[in-house]
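A.B. asks: Pasting structure28.txt here (compact mmCIF, C-alpha atoms):
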# COMPACT_ATOMS: atom_id res chain seq x y z
CA ARG A 1 112.70 119.21 84.55
CA SER A 2 109.20 117.79 84.48
CA VAL A 3 105.68 118.25 85.81
CA ILE A 4 104.95 116.80 89.25
CA VAL A 5 102.04 114.50 90.01
CA VAL A 6 100.86 112.79 93.17
CA GLY A 7 102.35 109.39 94.01
CA PRO A 8 100.38 108.16 97.04
CA SER A 9 102.06 104.74 97.02
CA LEU A 10 105.52 106.28 97.54
CA SER A 11 107.16 106.66 100.94
CA LEU A 12 108.01 110.14 102.22
CA HIS A 13 111.67 109.69 101.23
CA GLN A 14 110.95 108.44 97.69
CA CYS A 15 110.20 110.16 94.40
CA GLY A 16 109.11 108.56 91.16
CA LEU A 17 111.40 109.33 88.23
CA PRO A 18 110.27 108.65 84.65
CA ARG A 19 112.48 106.17 82.80
CA GLU A 20 113.66 108.66 80.17
CA ILE A 21 114.71 111.23 82.80
CA ALA A 22 116.38 108.59 84.97
CA ILE A 23 118.41 107.06 82.13
CA GLU A 24 119.58 110.54 81.09
CA LEU A 25 120.63 111.48 84.64
CA PHE A 26 122.35 108.17 85.45
CA GLN A 27 123.71 107.37 81.97
CA THR A 28 127.39 107.59 82.92
CA PHE A 29 126.88 105.28 85.90
CA VAL A 30 124.98 102.77 83.75
CA ILE A 31 127.70 102.86 81.07
CA ARG A 32 130.39 102.22 83.70
CA SER A 33 128.40 99.32 85.13
CA LEU A 34 127.78 97.78 81.67
CA ILE A 35 131.52 97.86 80.95
CA ARG A 36 132.54 96.56 84.40
CA GLN A 37 130.12 93.64 84.12
CA HIS A 38 131.51 92.83 80.63
CA ILE A 39 128.09 93.37 79.04
CA ALA A 40 129.61 96.06 76.80
CA SER A 41 133.19 96.24 75.58
CA ASN A 42 133.37 100.02 75.26
CA ILE A 43 131.39 103.24 75.66
CA GLY A 44 129.94 103.10 72.13
CA VAL A 45 128.54 99.59 72.62
CA ALA A 46 127.15 100.58 76.04
CA LYS A 47 125.42 103.65 74.57
CA SER A 48 123.86 101.54 71.82
CA LYS A 49 122.48 99.10 74.41
CA ILE A 50 120.97 102.08 76.25
CA ARG A 51 119.48 103.47 73.00
CA GLU A 52 117.99 100.06 72.20
CA LYS A 53 116.49 99.96 75.73
CA LYS A 54 117.69 96.44 76.46
CA PRO A 55 116.14 94.85 79.60
CA ILE A 56 119.58 94.57 81.24
CA VAL A 57 119.87 98.37 81.07
CA TRP A 58 116.77 98.84 83.24
CA GLU A 59 118.05 96.29 85.78
CA ILE A 60 121.39 98.08 86.01
CA LEU A 61 119.64 101.46 86.22
CA ARG A 62 117.55 100.27 89.19
CA GLU A 63 120.71 98.98 90.86
CA VAL A 64 122.55 102.26 90.29
CA MET A 65 119.59 104.34 91.50
CA ARG A 66 119.40 102.33 94.72
CA GLY A 67 122.71 103.87 95.81
CA HIS A 68 122.19 107.46 94.67
CA PRO A 69 119.88 110.06 96.16
CA VAL A 70 118.53 112.77 93.86
CA LEU A 71 117.74 116.39 94.65
CA LEU A 72 114.39 117.85 93.66
CA ASN A 73 114.17 121.61 93.33
CA ARG A 74 111.11 123.75 92.73
CA ALA A 75 111.95 127.26 91.64
CA PRO A 76 112.04 129.76 93.15
CA THR A 77 114.07 128.27 96.00
CA LEU A 78 113.27 130.73 98.79
CA HIS A 79 114.18 128.56 101.81
CA ARG A 80 115.91 125.26 102.57
CA LEU A 81 112.81 123.14 101.95
CA GLY A 82 112.72 124.35 98.34
CA ILE A 83 115.34 121.70 97.53
CA GLN A 84 115.18 118.26 99.15
CA ALA A 85 116.75 114.83 98.64
CA PHE A 86 114.82 111.69 97.71
CA GLN A 87 115.49 108.06 96.90
CA PRO A 88 114.48 107.67 93.24
CA VAL A 89 112.14 104.93 92.02
CA LEU A 90 111.48 104.21 88.33
CA VAL A 91 107.93 105.00 87.20
CA GLU A 92 106.08 104.88 83.89
CA GLY A 93 105.00 108.08 82.17
CA ARG A 94 106.74 111.42 81.86
CA ALA A 95 105.92 113.11 85.19
CA ILE A 96 107.84 113.14 88.47
CA CYS A 97 105.82 111.50 91.27
CA LEU A 98 105.84 112.88 94.83
CA HIS A 99 104.20 111.78 98.05
CA PRO A 100 101.38 114.26 98.75
CA LEU A 101 102.71 115.21 102.19
CA VAL A 102 106.07 116.56 100.96
CA ARG A 103 104.59 119.08 98.54
CA LYS A 104 104.04 121.72 101.24
CA GLY A 105 107.77 122.25 101.83
CA PHE A 106 108.15 123.01 98.13
CA ASN A 107 105.07 125.28 98.18
CA ALA A 108 103.86 123.14 95.29
CA ASP A 109 100.56 121.74 94.13
CA PHE A 110 99.65 119.26 91.45
CA ASP A 111 98.13 121.61 88.88
CA GLY A 112 101.07 121.71 86.48
CA ASP A 113 103.96 122.78 88.72
CA GLN A 114 107.39 121.70 87.48
CA MET A 115 110.49 120.58 89.34
CA ALA A 116 114.12 120.07 88.37
CA VAL A 117 116.09 116.92 89.25
CA HIS A 118 119.80 116.95 90.12
CA VAL A 119 122.18 114.08 90.94
CA PRO A 120 124.86 114.74 93.57
CA LEU A 121 128.03 113.23 92.08
CA SER A 122 130.73 113.18 94.77
CA PHE A 123 130.55 110.93 97.82
CA GLU A 124 130.59 114.03 100.02
CA ALA A 125 127.61 115.54 98.19
CA GLN A 126 125.71 112.24 98.42
CA ALA A 127 126.44 112.00 102.16
CA GLU A 128 125.28 115.59 102.67
CA ALA A 129 122.07 114.85 100.76
CA ARG A 130 121.40 111.74 102.88
CA LEU A 131 122.22 113.34 106.24
CA LEU A 132 120.83 116.85 105.83
CA MET A 133 118.44 117.02 102.90
CA PHE A 134 116.33 113.84 102.87
CA SER A 135 112.65 114.75 102.88
CA HIS A 136 111.70 112.48 105.80
CA ILE A 137 114.31 114.23 108.00
CA ASN A 138 112.94 117.70 107.21
Can the structure in the file be given as structure tokens, please?

C.D. replies:
Amino acid sequence: RSVIVVGPSLSLHQCGLPREIAIELFQTFVIRSLIRQHIASNIGVAKSKIREKKPIVWEILREVMRGHPVLLNRAPTLHRLGIQAFQPVLVEGRAICLHPLVRKGFNADFDGDQMAVHVPLSFEAQAEARLLMFSHIN
């Protein structure tokens, strides 16, 4: 959960995720990738590379994020546009960035509103997010 700010350079289907939120959400995927690519020998070594914020971790995180949509939810969720799917992009800072035109569906403004981020885990949930919930489709 974080404050939302305007991200005018983003496309309608993108949201900017701060590095520390993104690494927390996608940590298991990054660990798996570090082990599969033989960069880390086990989970403990992979977690230490993440804690040390090695450059390879950010490259792998970008790669992992490319294939996973995220769901943004602004409470209270009163209708279907209160939760929408986006393609995440890494951004600096601690706030979630949104294109200014998608804020209306969330009934949000940029005066301190907060949103929660969720990662659909199963392939079915990811497909549903892509086909039914992407912001540029709604």

A.B. asks: Given the choices A:Leu101, A:Ile60, A:Ala129, A:Ala108, which gets closest to Ser11 of chain A if the distance is worked out from only C-alpha atoms?

C.D. replies: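 Closest to Ser11 of chain A of all the choices is A:Leu101.
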
A.B. asks: Given the choices A:Leu131, A:Val64, A:Leu72, A:His118, which gets closest to Cys97 of chain A if the distance is worked out from only C-alpha atoms?

C.D. replies: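 Counting only C-alpha atoms, the residue closest to Cys97 of chain A is A:Leu72.
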
A.B. asks: Determine the nearest neighbour of Leu90 of chain A from the options A:Val5, A:Met65, A:Ala75, A:Ile31, counting all atoms listed in the file.

C.D. replies: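 Of A:Val5, A:Met65, A:Ala75, A:Ile31, the one nearest Leu90 of chain A, counting all atoms listed in the file, is A:Met65.
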
A.B. asks: Could you list, as a list of chain:residue names, every residue within 8 Å of Leu17 of chain A, counting all atoms listed in the file and ignoring same-chain residues fewer than 6 positions away?

C.D. replies: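 Neighbouring residues, sequence-local ones excluded: A:Pro88, A:Val89, A:Leu90, A:Val91, A:Ala95, A:Ile96, A:Cys97.
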
A.B. asks: Set the distance at 6 Å and use all atoms listed in the file: which residues neighbour Gln114 of chain A once local chain neighbours fewer than 3 positions away are removed? I'd like the list as a list in words.

C.D. replies: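 Returned residues: Ser2, Val3 and Ile4 of chain A.
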
A.B. asks: Generate the output file for the selected residues, C-alpha atoms, as a short mmCIF file (atom, residue, chain, number, x, y, z; two decimals), keeping the file's coordinate frame.

C.D. replies:
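As a result, out-v2.cif now contains:
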data_model
loop_
_atom_site.label_atom_id
_atom_site.label_comp_id
_atom_site.auth_asym_id
_atom_site.auth_seq_id
_atom_site.Cartn_x
_atom_site.Cartn_y
_atom_site.Cartn_z
CA SER A 2 109.20 117.79 84.48
CA VAL A 3 105.68 118.25 85.81
CA ILE A 4 104.95 116.80 89.25
#

A.B. asks: Padding of 4 Å on every side, edges along x, y and z, all listed atoms of segment 89-99 of chain A included: what centre and edge lengths in Å, to one decimal, does that box have, as JSON?

C.D. replies:
{"center_x": 108.2, "center_y": 108.7, "center_z": 90.0, "size_x": 15.9, "size_y": 16.9, "size_z": 24.2}

A.B. asks: Please identify all polymer residues lying at most 12 Å from the point (129.1, 95.2, 81.6) (file coordinates), using all atoms listed in the file, and present the result as a PyMOL selection string.

C.D. replies: chain A and resi 29-43+45-47+49-50+56-57+59-60

A.B. asks: Write out as a list in words which residues come within 8 Å of Arg19 of chain A when counting only C-alpha atoms, dropping same-chain ones fewer than 3 positions away.

C.D. replies: Ala22, Ile23, Leu90, Val91, Glu92, Gly93 and Arg94 of chain A

A.B. asks: Mind giving me the straight-line distance from atom CA of Pro100 of chain A to atom CA of Cys15 of chain A in Å, one decimal?

C.D. replies: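 The value is 10.7 Å.
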
A.B. asks: Show me, as a PyMOL selection string, the residues that have an atom within 8 Å of Pro120 of chain A when counting all atoms listed in the file, minus same-chain residues fewer than 5 positions from it.

C.D. replies: chain A and resi 68-71+125-126+129

A.B. asks: For atom CA of Arg74 of chain A and atom CA of Ser122 of chain A, quote the distance in Å rounded to one decimal.

C.D. replies: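 Straight-line distance from atom CA of Arg74 of chain A to atom CA of Ser122 of chain A works out to 22.4 Å.
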
A.B. asks: Of the residues A:Pro18, A:Gly44, A:Pro76, A:Gly82, which is the one nearest to Trp58 of chain A, using only C-alpha atoms?

C.D. replies: A:Pro18

A.B. asks: In Å, with one decimal, what is the gap from atom CA of Asn73 of chain A to atom CA of Ser135 of chain A?

C.D. replies: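 Answer for the atom CA of Asn73 of chain A to atom CA of Ser135 of chain A separation: 11.9 Å.
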